[in-house]
Amino acid sequence: MAAACQFFRLIRGRELGRFWAPSVLCQNCCLFHHPCHGAYQPLANSDSRWNQSRAYRTSIARPTYYLTPPQVNSILKANEYSFKVPEFDGKNLSSVMGFESNQLPANAPIEDRRSAATCLQTRGMLYGVFDGHAGCACAQALSERLFYYIAVSMLPHETLVELENAVESGRPLQPILQWHKHPNDYFSREASSLYFNSLRTYWQELLDLSTPGEKPDVSEALVNAFKRLDNDISLEAQVGDPNAFLHYWVLRVAFSGATACVAHVDGNDLHIANTGDGRAVLGVQEPDGSFSAMTLSNDHNAQNESEVMRVRSEHPRSETKTVVKQDRLLGLLMPFRAFGDVKFKWSIELQRRVLESGPDQLHENEHAKFIPPNYHTPPYLTAEPEITRHRLRPQDRFLVIGSDGLWETLHRQEVVRIVGEYLTGVHQQQPISVGGYKVTLGQMQGLLQERKARVSSTFEDQNSATHLIRHAVGSNEFGTVDHERLSKMLSLPEELARMYRDDITIIIVQFNPHVIGSQQN
């Protein structure tokens, strides 16, 4: 939820300004937008009198409950998941040893989603983190559908023929994916038939375009899958559905939005497809045993100058000052690429037509009726991903895919160090940094003892993603995990939690250096 995080940063710094937040019901009431979930929030006239130092971020104006260490662990571990790649004859023949993932919600309900699957008809594994905004509907749809579109895009002509013949004759389909899901990572059963019909239409078109013996290119398949799913999301919302529930659901998916960061690993080939401000970072082990970070994705937001230039180049010069304003698309949306978000893609006429023919809830929803300012030459937003291809080396030990809730709390180098030390059990002790604070000898002794205790308790977490979340939420200004801070952050009421942090979703993929080295040779 990249847009809302700008709001969180301002709250942390106590710069309170005016935010556009229509007074409508929340997702739990089956409407599209909640003021607290605001993906579209232009600023105005912030007051610097509210600025306070970083040290006071965790001060809460209302009583908080102290959580015991077991209670903290229970919260942190509630959504953790791990998968180890099966061995054959006692050997792991895959370049991937396994993966671990976890989520920590700030929004209620959480707007992030995650997915992991093994491709059964082709080779390789898929991992994805999806960060929703203006609700969780679009992220939920991506977590269920995008991997199928990717897998189908990579199928050879002969397998596509087999799929279509099986459907035509009523025979069971050979599975395309083996999912690796936490029990909380659910599927929408009501929409499964709709989703399958759209997917089948896609593979029928691929069948017409492909030729026997042709092997699809992975990068091209990823781009095509992203763009086609976003197009189907848009089309399904325009067409609607006779079933009232499905009609409303496809509109919720289209009017909300989500970013996506996906990795495909096949042998030594790693492809990253990124749309939005999720991030993929490779942990590289150096000869001295330390870890360095290699970023494999670019953030699609105002901090990326080439992305700003791309957006401006797609619209007339008369819109140069309005297409990107206050570091937001049209002054409203933080990510410059996303799925859904049809309010930034459809013409005004199409938006009004869909609203007029939609359910009654739409007619009463101020967010759905809202037209972005300076909206002249849509579409302003795309779901087309940026592809990065990397050839894995033995020193490439793990990959971290995370929503922006992680990267806004920890620098990528710190993320890689924490994960690397956890996985290897080797700690590179650095001089303690106090960041300009005045520290007495007694306080320094306390920091050293705290670090010693932290090293000895590293393995209280059985999941690397959980361990990373512990640091992301509980690290104090000295870079150590502070249980009191962790307790406070995890016991915040729902209405306050998202003011201090965003949803955090992490997938950590651990590579097998021996297999990678043998394939490299």
# chains A, B, ... in the order shown; residues from 1 in each chain; ligands from 1

$ select_by_dssp --residues "stretch 122-339 of chain A" --states "strand (DSSP E)" --output "ChimeraX atom specification"
/A:125-133,177-179,257-266,269-275,279-285,291-295,324-325,328-329,339

$ closest_atom_pairs --of "stretch 175-211 of chain A" --to "stretch 79-86 of chain A" --cutoff "10 Å" --atoms "only C-alpha atoms" --output "tab-separated table"
residue	atom	partner	partner_atom	distance
A:His180	CA	A:Phe83	CA	7.4
A:Lys181	CA	A:Tyr81	CA	7.7
A:His182	CA	A:Tyr81	CA	6.0
A:Pro183	CA	A:Asn79	CA	8.6
A:Asn184	CA	A:Asn79	CA	7.5
A:Asp185	CA	A:Asn79	CA	9.3

$ closest_residue --among "A:Leu490, A:Leu173, A:Trp249, A:Arg312" --to "A:Gln361" --atoms "only C-alpha atoms"
A:Trp249

$ atom_distance --atom1 "atom CA of A:Ala221" --atom2 "atom CA of A:Ser115"
18.2 Å

$ residues_around --residues "stretch 371-387 of chain A" --least-positions-apart "6" --cutoff "7 Å" --atoms "only C-alpha atoms" --output "JSON, numbers by chain"
{"A": [219, 223, 226, 227, 230, 271, 272, 273, 274, 275, 315, 322, 330, 336, 337, 338, 339, 344, 345, 346, 347]}

$ decode --residues "stretch 117-152 of chain A" --atoms "N, CA, C and O atoms" --output "compact mmCIF listing (two decimals), in the first residue's frame"
# COMPACT_ATOMS: atom_id res chain seq x y z
N ALA A 117 4.54 -21.16 -5.96
CA ALA A 117 4.07 -22.36 -6.66
C ALA A 117 5.20 -22.96 -7.49
O ALA A 117 6.13 -22.25 -7.91
N THR A 118 5.10 -24.26 -7.71
CA THR A 118 6.00 -24.97 -8.62
C THR A 118 5.29 -25.17 -9.95
O THR A 118 4.13 -25.59 -9.98
N CYS A 119 5.97 -24.86 -11.03
CA CYS A 119 5.41 -25.08 -12.37
C CYS A 119 5.52 -26.56 -12.71
O CYS A 119 6.63 -27.12 -12.71
N LEU A 120 4.40 -27.21 -13.01
CA LEU A 120 4.39 -28.65 -13.25
C LEU A 120 4.52 -29.03 -14.72
O LEU A 120 5.04 -30.09 -15.05
N GLN A 121 4.01 -28.19 -15.61
CA GLN A 121 4.08 -28.49 -17.04
C GLN A 121 5.35 -27.94 -17.68
O GLN A 121 5.72 -28.34 -18.78
N THR A 122 5.97 -27.00 -17.02
CA THR A 122 7.29 -26.50 -17.44
C THR A 122 8.19 -26.60 -16.22
O THR A 122 7.80 -27.15 -15.20
N ARG A 123 9.37 -26.05 -16.31
CA ARG A 123 10.29 -26.11 -15.17
C ARG A 123 10.23 -24.80 -14.40
O ARG A 123 9.79 -23.78 -14.89
N GLY A 124 10.71 -24.85 -13.16
CA GLY A 124 10.87 -23.63 -12.40
C GLY A 124 9.86 -23.45 -11.30
O GLY A 124 8.88 -24.19 -11.17
N MET A 125 10.12 -22.43 -10.45
CA MET A 125 9.24 -22.06 -9.35
C MET A 125 8.92 -20.58 -9.44
O MET A 125 9.72 -19.79 -9.94
N LEU A 126 7.74 -20.22 -8.95
CA LEU A 126 7.27 -18.84 -8.96
C LEU A 126 7.03 -18.35 -7.53
O LEU A 126 6.49 -19.09 -6.70
N TYR A 127 7.42 -17.10 -7.28
CA TYR A 127 7.20 -16.46 -5.98
C TYR A 127 6.69 -15.05 -6.24
O TYR A 127 7.19 -14.36 -7.13
N GLY A 128 5.71 -14.61 -5.46
CA GLY A 128 5.17 -13.27 -5.69
C GLY A 128 4.66 -12.60 -4.44
O GLY A 128 4.09 -13.26 -3.55
N VAL A 129 4.88 -11.29 -4.35
CA VAL A 129 4.34 -10.45 -3.28
C VAL A 129 3.48 -9.38 -3.93
O VAL A 129 3.93 -8.70 -4.87
N PHE A 130 2.25 -9.24 -3.44
CA PHE A 130 1.28 -8.32 -4.04
C PHE A 130 0.79 -7.34 -2.96
O PHE A 130 0.27 -7.77 -1.93
N ASP A 131 0.99 -6.06 -3.22
CA ASP A 131 0.70 -5.02 -2.25
C ASP A 131 -0.52 -4.23 -2.70
O ASP A 131 -0.46 -3.49 -3.68
N GLY A 132 -1.64 -4.42 -2.01
CA GLY A 132 -2.89 -3.78 -2.41
C GLY A 132 -3.05 -2.38 -1.87
O GLY A 132 -2.43 -1.99 -0.87
N HIS A 133 -3.87 -1.60 -2.52
CA HIS A 133 -4.27 -0.29 -2.00
C HIS A 133 -5.72 -0.03 -2.38
O HIS A 133 -6.24 -0.61 -3.32
N ALA A 134 -6.37 0.83 -1.60
CA ALA A 134 -7.82 1.07 -1.74
C ALA A 134 -8.59 -0.24 -1.58
O ALA A 134 -9.58 -0.48 -2.26
N GLY A 135 -8.11 -1.09 -0.68
CA GLY A 135 -8.76 -2.38 -0.44
C GLY A 135 -7.86 -3.54 -0.84
O GLY A 135 -6.81 -3.35 -1.46
N CYS A 136 -8.29 -4.75 -0.48
CA CYS A 136 -7.47 -5.94 -0.72
C CYS A 136 -7.93 -6.74 -1.93
O CYS A 136 -7.31 -7.75 -2.28
N ALA A 137 -9.01 -6.33 -2.60
CA ALA A 137 -9.62 -7.17 -3.65
C ALA A 137 -8.67 -7.44 -4.81
O ALA A 137 -8.56 -8.58 -5.29
N CYS A 138 -7.99 -6.41 -5.30
CA CYS A 138 -7.11 -6.59 -6.46
C CYS A 138 -5.92 -7.48 -6.10
O CYS A 138 -5.55 -8.38 -6.87
N ALA A 139 -5.31 -7.25 -4.94
CA ALA A 139 -4.19 -8.09 -4.51
C ALA A 139 -4.62 -9.54 -4.36
O ALA A 139 -3.87 -10.46 -4.70
N GLN A 140 -5.83 -9.76 -3.84
CA GLN A 140 -6.34 -11.11 -3.70
C GLN A 140 -6.48 -11.79 -5.06
O GLN A 140 -6.09 -12.94 -5.24
N ALA A 141 -7.03 -11.06 -6.03
CA ALA A 141 -7.20 -11.62 -7.37
C ALA A 141 -5.84 -11.96 -7.99
O ALA A 141 -5.68 -13.01 -8.62
N LEU A 142 -4.84 -11.10 -7.81
CA LEU A 142 -3.51 -11.38 -8.35
C LEU A 142 -2.92 -12.64 -7.73
O LEU A 142 -2.30 -13.46 -8.42
N SER A 143 -3.09 -12.79 -6.41
CA SER A 143 -2.50 -13.95 -5.73
C SER A 143 -3.09 -15.26 -6.23
O SER A 143 -2.44 -16.29 -6.18
N GLU A 144 -4.31 -15.22 -6.74
CA GLU A 144 -4.96 -16.43 -7.26
C GLU A 144 -4.71 -16.65 -8.75
O GLU A 144 -4.66 -17.80 -9.20
N ARG A 145 -4.56 -15.59 -9.52
CA ARG A 145 -4.64 -15.69 -10.97
C ARG A 145 -3.32 -15.51 -11.71
O ARG A 145 -3.11 -16.13 -12.77
N LEU A 146 -2.44 -14.64 -11.23
CA LEU A 146 -1.29 -14.23 -12.03
C LEU A 146 -0.38 -15.40 -12.37
O LEU A 146 0.11 -15.51 -13.51
N PHE A 147 -0.15 -16.31 -11.43
CA PHE A 147 0.76 -17.43 -11.71
C PHE A 147 0.20 -18.34 -12.79
O PHE A 147 0.96 -18.93 -13.57
N TYR A 148 -1.13 -18.51 -12.84
CA TYR A 148 -1.71 -19.30 -13.92
C TYR A 148 -1.45 -18.65 -15.28
O TYR A 148 -1.13 -19.33 -16.26
N TYR A 149 -1.59 -17.34 -15.35
CA TYR A 149 -1.33 -16.63 -16.61
C TYR A 149 0.13 -16.76 -17.01
O TYR A 149 0.46 -16.93 -18.19
N ILE A 150 1.03 -16.68 -16.02
CA ILE A 150 2.46 -16.83 -16.32
C ILE A 150 2.75 -18.26 -16.80
O ILE A 150 3.44 -18.47 -17.81
N ALA A 151 2.22 -19.25 -16.07
CA ALA A 151 2.48 -20.65 -16.42
C ALA A 151 1.96 -20.98 -17.81
O ALA A 151 2.64 -21.65 -18.61
N VAL A 152 0.75 -20.51 -18.13
CA VAL A 152 0.18 -20.75 -19.46
C VAL A 152 1.00 -20.05 -20.54
O VAL A 152 1.21 -20.60 -21.63
